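Notes follow once the structure below has been shown.
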Amino acid sequence: MTHARTLGRSEISVSALGMGCWAIGGPSWSGTTPLGWGHVDDAESVRAIHTALDLGITFFDTANVYGAGHSELVLGRALAGGRRSQVVIASKFNAVFDETTRQVTGSDPTPPGIRAACEASLRRLGTDYLDLYQFHDNGFPPEEAVPVRHTLEALVAEGKIRAYGWSTDFPKSATCFAEGPACTAIQFQLNVLDDNPDMVTLCERHNLAAINRGPLAMGLLTGAYSSATQPSSDDVRGEHSPEWMKYFSKGKPNPEWLAKVAAIRSILTSQGRTVAQGALAWLWARSPQTIPIPGFRTVAQVRDNCGALQLGPLSPNQMREIATLLGR
């Protein structure tokens with residue numbers, strides 16, 4: 001397969017696979033509810049980012065809230081020394097947090113709040129511009145989002161950002177942003193177990209990049225999880241997980257979703273693929289707009305994910321077979 005895709009209707013070229021930088025942020029909380037992926041080794045994170053660069057990855061997706069600023073700091077450190085110009089950085093805004101206690105305390109989608117968040121992200125990342133800046137509020141009312149869009153258009157005009165998008169699973173929200181000339185991407189939940197045909201169609205219609213968060217279903221599509229697996233208490237998938245966490249329940253993998261993985265495992269692992277590589281191959285076959293951004297914490301995970309590029313998308317027959325097995 002070609003290893004590059006264009007980021008929607010911008011002229012920004014990115015690798016067909018991105019790297020999601022949530023996990024490398026380490027722990028953060030809202031009260032006692034964990035919002036990160038547990039303890040992380042920053043030196044390993046930097047090595048993993050460098051490995052991704054060496055394997056041709058040019059797209060990195062982070063957010064100000066990941067680790068309460070820590071993910072951006074680690075990514076900035078890894079890209080220091082002349083590597084910034086080789087990559088496309090996407091970040092997100094909306095959350096308000098304390099970088100010291102790592103507590104997320106609220107949100108601020110006002111124009112001054114967006115501008116302050118942008119400046120703080122630029123500082124942490126050690127750059128003077130962001131390639132893609134994304135509104136990080138899935139359920140924000142679209143009828144109230146026009147001032148957010150106007151602020152982002154102004155940031156484009158000022159050269160602070162090159163393009164913008166919205167991290168949302170809802171077509172009405174995406175349609176609101178699509179009216180802005182510099183909107184080029186929508187980030188939404190999509191994986192082989194969890195299709196979202198309405199959002200895929202919308203991105204195709206408006207020529208927006210469909211950035212796929214949750215491409216490996218929070219780890220279920222790595223093949224590393226059984227019904228007995230138990231993430232740590234500071235992990236977003238652990239026993240105190242947020243209400244929206246559906247792939248894990250009470251700190252263990254959700255049996256309903258594990259059964260779906262088992263049903264299609266043999267197709268995903270065809271042609272010598274790992275389960276994760278098969279899950280990424282499904283996404284590339286799903287639409288020419290898709291750009292999966294699997295998370296990582298180790299060099300080994302990056303190598304596994306990047307190996308999917310050599311094998312390319314699943315075939316139309318395999319796509320039909322999966323749809324049948326999953327009752328779609």
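Chain lettering (A, B, ...) mirrors the order of the structure tokens, residue numbering begins at 1 for each chain separately, and ligand numbering begins at 1 in order of display.
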Item to check | Surrounding residues of A:Ser107 excluding itself and chain neighbours under 6 positions, 10 Å, only C-alpha atoms, as number ranges by chain | outcome: A: 93-97, 113, 136-137
Find the residues of stretch 144-211 of chain A that sit at most 9 Å from stretch 8-16 of chain A; for each, write down the nearest two atoms and how far apart they are in Å, to one decimal. Count only C-alpha atoms. Sort by chain, then by number going up, and give it as JSON lines.
```
{"residue": "A:Arg162", "atom": "CA", "partner": "A:Ser10", "partner_atom": "CA", "distance": 8.7}
{"residue": "A:Ala163", "atom": "CA", "partner": "A:Ser10", "partner_atom": "CA", "distance": 7.4}
{"residue": "A:Ala182", "atom": "CA", "partner": "A:Ser10", "partner_atom": "CA", "distance": 7.5}
{"residue": "A:Cys183", "atom": "CA", "partner": "A:Arg9", "partner_atom": "CA", "distance": 8.0}
{"residue": "A:Thr184", "atom": "CA", "partner": "A:Gly8", "partner_atom": "CA", "distance": 4.9}
{"residue": "A:Ala185", "atom": "CA", "partner": "A:Gly8", "partner_atom": "CA", "distance": 6.0}
{"residue": "A:Cys203", "atom": "CA", "partner": "A:Gly8", "partner_atom": "CA", "distance": 8.3}
{"residue": "A:Glu204", "atom": "CA", "partner": "A:Gly8", "partner_atom": "CA", "distance": 8.9}
{"residue": "A:His206", "atom": "CA", "partner": "A:Arg9", "partner_atom": "CA", "distance": 8.2}
{"residue": "A:Asn207", "atom": "CA", "partner": "A:Gly8", "partner_atom": "CA", "distance": 5.3}
{"residue": "A:Leu208", "atom": "CA", "partner": "A:Gly8", "partner_atom": "CA", "distance": 4.0}
{"residue": "A:Ala209", "atom": "CA", "partner": "A:Gly8", "partner_atom": "CA", "distance": 4.1}
{"residue": "A:Ala210", "atom": "CA", "partner": "A:Gly8", "partner_atom": "CA", "distance": 7.8}
```
Next on the checklist: If we count only C-alpha atoms and set the cut-off at 10 Å, which residues sit around A:Asp195, ignoring sequence neighbours fewer than 3 positions away in its own chain? Please answer as a PyMOL selection string.
Outcome noted: chain A and resi 189-192+198-200+283+286+323+328
Export, as a CSV table (one decimal), in the first residue's frame, the selected residues with C-alpha atoms.
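Dumped everything to out-v4.csv:
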```
chain,number,residue,atom,x,y,z
A,189,GLN,CA,-14.1,6.2,17.5
A,190,LEU,CA,-13.7,3.5,14.8
A,191,ASN,CA,-12.3,0.0,14.8
A,192,VAL,CA,-13.2,-3.4,13.3
A,198,ASP,CA,-22.4,7.7,9.3
A,199,MET,CA,-19.2,9.4,10.3
A,200,VAL,CA,-17.2,7.6,7.6
A,283,LEU,CA,-9.3,0.4,8.9
A,286,ARG,CA,-12.7,0.7,5.3
A,323,ALA,CA,-19.2,-8.0,8.4
A,328,ARG,CA,-23.5,-6.1,10.2
```
Next on the checklist: Residues within 10 Å of A:Ala52, please, as a PyMOL selection string. Count only C-alpha atoms; anything in the same chain fewer than 3 positions from it doesn't count.
Outcome noted: chain A and resi 17-19+46-49+55-60+299+301-303+305-306
Item to check | DSSP-assigned alpha helix (DSSP H) members of stretch 94-212 of chain A, reported as a PyMOL selection string | outcome: chain A and resi 111-125+146-157+171-178+197-206
